[in-house]
Amino acid sequence: MNSDAAPDETAGRAPGETPGRTPDTGLRADAERNRDRILAAARRLFATEGLGVSLASVAREAGVGKATLSRRFATRDELVNAVFADRMDAYASAVTEALADPEPWRGFTGYITAVCAMQAADRGFADVLTMTFPAAKALEKRRAESYHAFLELIARAKGTGHLRDDFTSEDLVILLMANAGVINATGEAAPDTWRRLTAHMLRSYAAPGAPLPALPEAPAPAALYRAMVRVSRPGPA
């Protein structure tokens with residue numbers, strides 16, 4: 001039985017309205033429900049397991065067949081684009097807010113911390129920020145917009161004399177890669193470890209005399225040990 005087949009519903013519809021279709025997307029009502037279920041399942045799995053989760057797992061989590069998933073999202077990039085569209089909007093908004101701060105160094109440090117926090121909140125998004133998805137046009141467009149705004153933020157922070165002259169935009173990519181690794185390694189065993197890493201890196205970006213961010217406490221030895229045991233075990237934690 002085709003799970004995307006639409007019921008024959010004609011009573012009570014508006015003139016010119018396609019039976020069983022939602023007005024905004026044109027999808028049949030049951031097909032729209034399947035799409036929503038797939039997106040919800042992908043968000044859950046990407047957030048907890050990262051982007052390495054298989055599309056077959058997403059289909060199972062959504063309660064649909066692989067063929068249904070493929071009809072809604074022909075490629076992984078299309079699914080990633082749909083799942084993370086709102087998070088990329090938040091990512092772009094973060095740098096806009098940073099540029100609006102009258103103190104550029106504070107805006108810079110606040111932006112770096114905010115982006116690292118976004119990574120910590122969602123393992124899938126942690127991966128998105130350190131990967132490229134050429135077929136996900138909308139996502140890549142937002143990434144490019146954010147990048148150019150970040151270049152302006154760098155220039156402003158350097159203009160205050162608080163950001164080191166040798167800081168480059170690539171340093172943020174390096175930090176995000178390192179932060180993603182820390183987040184994936186520590187998991188729930190030491191979930192706030194990323195904060196200390198971020199603070200250390202911000203201190204390393206600061207020019208002499210710049211206000212330094214507070215340094216959060218290091219994770220407890222027992223928590224860090226649990227994280228190390230977690231990493232050493234094959235398969236999901």
# chains A, B, ... in the order shown; residues from 1 in each chain; ligands from 1

call {"tool": "select_by_dssp", "arguments": {"residues": "region 117-157 of chain A", "states": "helix (DSSP H, G or I)", "output": "PyMOL selection string"}}
result
chain A and resi 117-121+123-128+137-157

call {"tool": "residues_around", "arguments": {"residues": "region 87-102 of chain A", "least_positions_apart": "2", "cutoff": "12 Å", "atoms": "only C-alpha atoms", "output": "PyMOL selection string"}}
result
chain A and resi 43+47+80-85+104-119+121-122+124-126+128-129+136+138-157+160

call {"tool": "write_last_selection", "arguments": {"atoms": "N, CA and C atoms", "output": "short mmCIF file (atom, residue, chain, number, x, y, z; two decimals), in the first residue's frame"}}
result
data_model
loop_
_atom_site.label_atom_id
_atom_site.label_comp_id
_atom_site.auth_asym_id
_atom_site.auth_seq_id
_atom_site.Cartn_x
_atom_site.Cartn_y
_atom_site.Cartn_z
N ARG A 43 15.72 15.34 13.32
CA ARG A 43 16.18 16.29 14.34
C ARG A 43 16.61 15.56 15.61
N ALA A 47 20.55 15.34 16.57
CA ALA A 47 20.91 16.07 17.78
C ALA A 47 21.65 15.18 18.77
N VAL A 80 19.36 17.49 5.44
CA VAL A 80 20.14 18.36 6.33
C VAL A 80 19.69 19.81 6.18
N ASN A 81 19.47 20.25 4.97
CA ASN A 81 19.04 21.62 4.70
C ASN A 81 17.72 21.92 5.40
N ALA A 82 16.77 20.98 5.31
CA ALA A 82 15.46 21.18 5.92
C ALA A 82 15.53 21.14 7.44
N VAL A 83 16.31 20.22 7.98
CA VAL A 83 16.39 20.05 9.43
C VAL A 83 17.04 21.26 10.10
N PHE A 84 18.09 21.80 9.47
CA PHE A 84 18.88 22.82 10.14
C PHE A 84 18.63 24.24 9.64
N ALA A 85 17.57 24.43 8.87
CA ALA A 85 17.28 25.77 8.34
C ALA A 85 17.10 26.78 9.47
N PRO A 104 33.02 46.22 20.25
CA PRO A 104 33.34 45.15 19.30
C PRO A 104 33.99 43.91 19.93
N TRP A 105 34.88 44.11 20.90
CA TRP A 105 35.52 42.95 21.53
C TRP A 105 34.49 42.11 22.29
N ARG A 106 33.59 42.78 22.99
CA ARG A 106 32.52 42.06 23.69
C ARG A 106 31.62 41.34 22.68
N GLY A 107 31.33 42.02 21.58
CA GLY A 107 30.52 41.37 20.54
C GLY A 107 31.22 40.15 19.98
N PHE A 108 32.54 40.27 19.78
CA PHE A 108 33.32 39.15 19.25
C PHE A 108 33.30 37.97 20.21
N THR A 109 33.63 38.20 21.47
CA THR A 109 33.68 37.09 22.43
C THR A 109 32.29 36.49 22.66
N GLY A 110 31.28 37.35 22.65
CA GLY A 110 29.91 36.86 22.82
C GLY A 110 29.48 35.98 21.65
N TYR A 111 29.89 36.37 20.44
CA TYR A 111 29.55 35.58 19.26
C TYR A 111 30.23 34.22 19.30
N ILE A 112 31.51 34.18 19.60
CA ILE A 112 32.23 32.91 19.65
C ILE A 112 31.58 31.99 20.67
N THR A 113 31.26 32.52 21.84
CA THR A 113 30.63 31.71 22.89
C THR A 113 29.25 31.22 22.45
N ALA A 114 28.49 32.07 21.79
CA ALA A 114 27.14 31.69 21.35
C ALA A 114 27.19 30.56 20.32
N VAL A 115 28.12 30.65 19.39
CA VAL A 115 28.21 29.61 18.35
C VAL A 115 28.65 28.28 18.97
N CYS A 116 29.60 28.34 19.89
CA CYS A 116 30.04 27.11 20.54
C CYS A 116 28.91 26.51 21.37
N ALA A 117 28.07 27.36 21.96
CA ALA A 117 26.91 26.88 22.72
C ALA A 117 25.91 26.20 21.79
N MET A 118 25.73 26.74 20.58
CA MET A 118 24.84 26.11 19.61
C MET A 118 25.33 24.71 19.27
N GLN A 119 26.64 24.57 19.13
CA GLN A 119 27.21 23.26 18.87
C GLN A 119 26.91 22.30 20.03
N ALA A 121 24.53 22.31 22.11
CA ALA A 121 23.11 21.99 22.25
C ALA A 121 22.63 20.96 21.24
N ASP A 122 23.39 20.76 20.17
CA ASP A 122 22.92 19.88 19.10
C ASP A 122 24.13 19.29 18.38
N GLY A 124 24.28 17.36 15.91
CA GLY A 124 24.15 17.46 14.46
C GLY A 124 24.59 18.81 13.96
N PHE A 125 24.19 19.87 14.67
CA PHE A 125 24.59 21.21 14.27
C PHE A 125 26.09 21.41 14.47
N ALA A 126 26.65 20.75 15.47
CA ALA A 126 28.10 20.80 15.65
C ALA A 126 28.80 20.28 14.41
N VAL A 128 27.36 20.21 11.32
CA VAL A 128 27.02 21.10 10.21
C VAL A 128 28.01 22.26 10.11
N LEU A 129 28.42 22.81 11.25
CA LEU A 129 29.30 23.96 11.25
C LEU A 129 30.73 23.63 10.84
N ALA A 136 22.94 21.71 -0.57
CA ALA A 136 22.01 22.39 0.33
C ALA A 136 22.17 23.90 0.13
N ALA A 138 20.26 26.65 0.33
CA ALA A 138 19.82 27.65 1.30
C ALA A 138 20.75 27.67 2.51
N LEU A 139 21.14 26.50 2.97
CA LEU A 139 22.04 26.41 4.12
C LEU A 139 23.38 27.05 3.81
N GLU A 140 23.93 26.75 2.66
CA GLU A 140 25.24 27.30 2.29
C GLU A 140 25.16 28.81 2.06
N LYS A 141 24.02 29.29 1.60
CA LYS A 141 23.85 30.73 1.41
C LYS A 141 23.91 31.45 2.76
N ARG A 142 23.23 30.89 3.77
CA ARG A 142 23.25 31.48 5.10
C ARG A 142 24.65 31.41 5.70
N ARG A 143 25.35 30.31 5.44
CA ARG A 143 26.71 30.17 5.95
C ARG A 143 27.60 31.27 5.34
N ALA A 144 27.47 31.49 4.03
CA ALA A 144 28.29 32.51 3.37
C ALA A 144 27.98 33.91 3.91
N GLU A 145 26.70 34.19 4.15
CA GLU A 145 26.32 35.49 4.71
C GLU A 145 26.95 35.69 6.09
N SER A 146 26.91 34.63 6.89
CA SER A 146 27.47 34.70 8.24
C SER A 146 28.98 34.90 8.19
N TYR A 147 29.61 34.24 7.23
CA TYR A 147 31.06 34.35 7.11
C TYR A 147 31.48 35.78 6.80
N HIS A 148 30.81 36.42 5.87
CA HIS A 148 31.17 37.79 5.51
C HIS A 148 30.90 38.75 6.67
N ALA A 149 29.84 38.51 7.42
CA ALA A 149 29.56 39.34 8.58
C ALA A 149 30.63 39.12 9.66
N PHE A 150 31.10 37.88 9.78
CA PHE A 150 32.14 37.58 10.77
C PHE A 150 33.44 38.29 10.41
N LEU A 151 33.75 38.39 9.13
CA LEU A 151 34.94 39.13 8.72
C LEU A 151 34.87 40.58 9.20
N GLU A 152 33.69 41.17 9.11
CA GLU A 152 33.52 42.54 9.58
C GLU A 152 33.69 42.61 11.10
N LEU A 153 33.16 41.60 11.79
CA LEU A 153 33.30 41.55 13.25
C LEU A 153 34.76 41.45 13.65
N ILE A 154 35.53 40.65 12.92
CA ILE A 154 36.97 40.54 13.18
C ILE A 154 37.65 41.89 13.02
N ALA A 155 37.35 42.56 11.91
CA ALA A 155 37.99 43.86 11.64
C ALA A 155 37.67 44.87 12.74
N ARG A 156 36.44 44.86 13.21
CA ARG A 156 36.06 45.81 14.26
C ARG A 156 36.79 45.49 15.57
N ALA A 157 36.85 44.20 15.91
CA ALA A 157 37.50 43.82 17.16
C ALA A 157 39.00 44.13 17.11
N THR A 160 39.85 47.79 17.84
CA THR A 160 39.89 48.23 19.23
C THR A 160 41.23 47.93 19.88
#

call {"tool": "closest_residue", "arguments": {"among": "A:Asp86, A:Glu170, A:Glu78, A:Asp127", "to": "Ile183 (chain A)", "atoms": "only C-alpha atoms"}}
result
A:Asp127

call {"tool": "atom_distance", "arguments": {"atom1": "CA of Arg71 (chain A)", "atom2": "CA of Ala135 (chain A)"}}
result
16.5 Å

call {"tool": "residues_around", "arguments": {"residues": "Thr198 (chain A)", "least_positions_apart": "2", "cutoff": "12 Å", "atoms": "only C-alpha atoms", "output": "mmCIF file with C-alpha atoms, in the first residue's frame"}}
result
data_model
loop_
_atom_site.group_PDB
_atom_site.id
_atom_site.type_symbol
_atom_site.label_atom_id
_atom_site.label_comp_id
_atom_site.auth_asym_id
_atom_site.auth_seq_id
_atom_site.Cartn_x
_atom_site.Cartn_y
_atom_site.Cartn_z
ATOM 1 C CA THR A 109 33.679 37.093 22.433
ATOM 2 C CA GLY A 110 29.908 36.857 22.817
ATOM 3 C CA TYR A 111 29.548 35.584 19.262
ATOM 4 C CA ILE A 112 32.226 32.911 19.653
ATOM 5 C CA THR A 113 30.627 31.715 22.890
ATOM 6 C CA ALA A 114 27.143 31.695 21.347
ATOM 7 C CA VAL A 115 28.208 29.614 18.354
ATOM 8 C CA CYS A 116 30.036 27.106 20.543
ATOM 9 C CA ALA A 117 26.914 26.876 22.718
ATOM 10 C CA GLN A 119 27.207 23.256 18.870
ATOM 11 C CA ALA A 120 26.901 21.929 22.415
ATOM 12 C CA LEU A 172 37.140 29.999 14.164
ATOM 13 C CA ILE A 174 39.688 25.296 13.928
ATOM 14 C CA LEU A 175 37.910 26.122 17.187
ATOM 15 C CA LEU A 176 34.604 24.719 15.921
ATOM 16 C CA MET A 177 36.319 21.496 14.859
ATOM 17 C CA ALA A 178 37.986 21.198 18.258
ATOM 18 C CA ASN A 179 34.755 22.048 20.058
ATOM 19 C CA ALA A 180 32.810 19.454 18.054
ATOM 20 C CA VAL A 182 35.132 17.805 22.746
ATOM 21 C CA ILE A 183 31.323 17.746 22.634
ATOM 22 C CA ASP A 192 30.113 21.648 30.147
ATOM 23 C CA THR A 193 33.715 20.915 29.152
ATOM 24 C CA TRP A 194 33.256 22.920 25.951
ATOM 25 C CA ARG A 195 32.883 26.100 28.030
ATOM 26 C CA ARG A 196 36.409 25.803 29.405
ATOM 27 C CA HIS A 200 40.851 29.217 26.903
ATOM 28 C CA MET A 201 40.708 29.881 23.163
ATOM 29 C CA LEU A 202 39.209 33.336 23.626
ATOM 30 C CA ARG A 203 42.049 34.160 26.006
ATOM 31 C CA SER A 204 44.518 33.054 23.351
ATOM 32 C CA TYR A 205 42.866 35.377 20.796
ATOM 33 C CA LEU A 212 39.701 38.376 29.442
ATOM 34 C CA PRO A 213 36.631 36.160 29.761
ATOM 35 C CA ALA A 214 36.169 34.265 33.003
ATOM 36 C CA LEU A 215 37.625 30.758 32.950
ATOM 37 C CA PRO A 216 35.031 28.134 33.928
ATOM 38 C CA ALA A 218 37.679 22.289 34.776
#

call {"tool": "residues_around", "arguments": {"residues": "Arg164 (chain A)", "least_positions_apart": "6", "cutoff": "8 Å", "atoms": "only C-alpha atoms", "output": "MDAnalysis selection string"}}
result
chainID A and resid 158 205:207
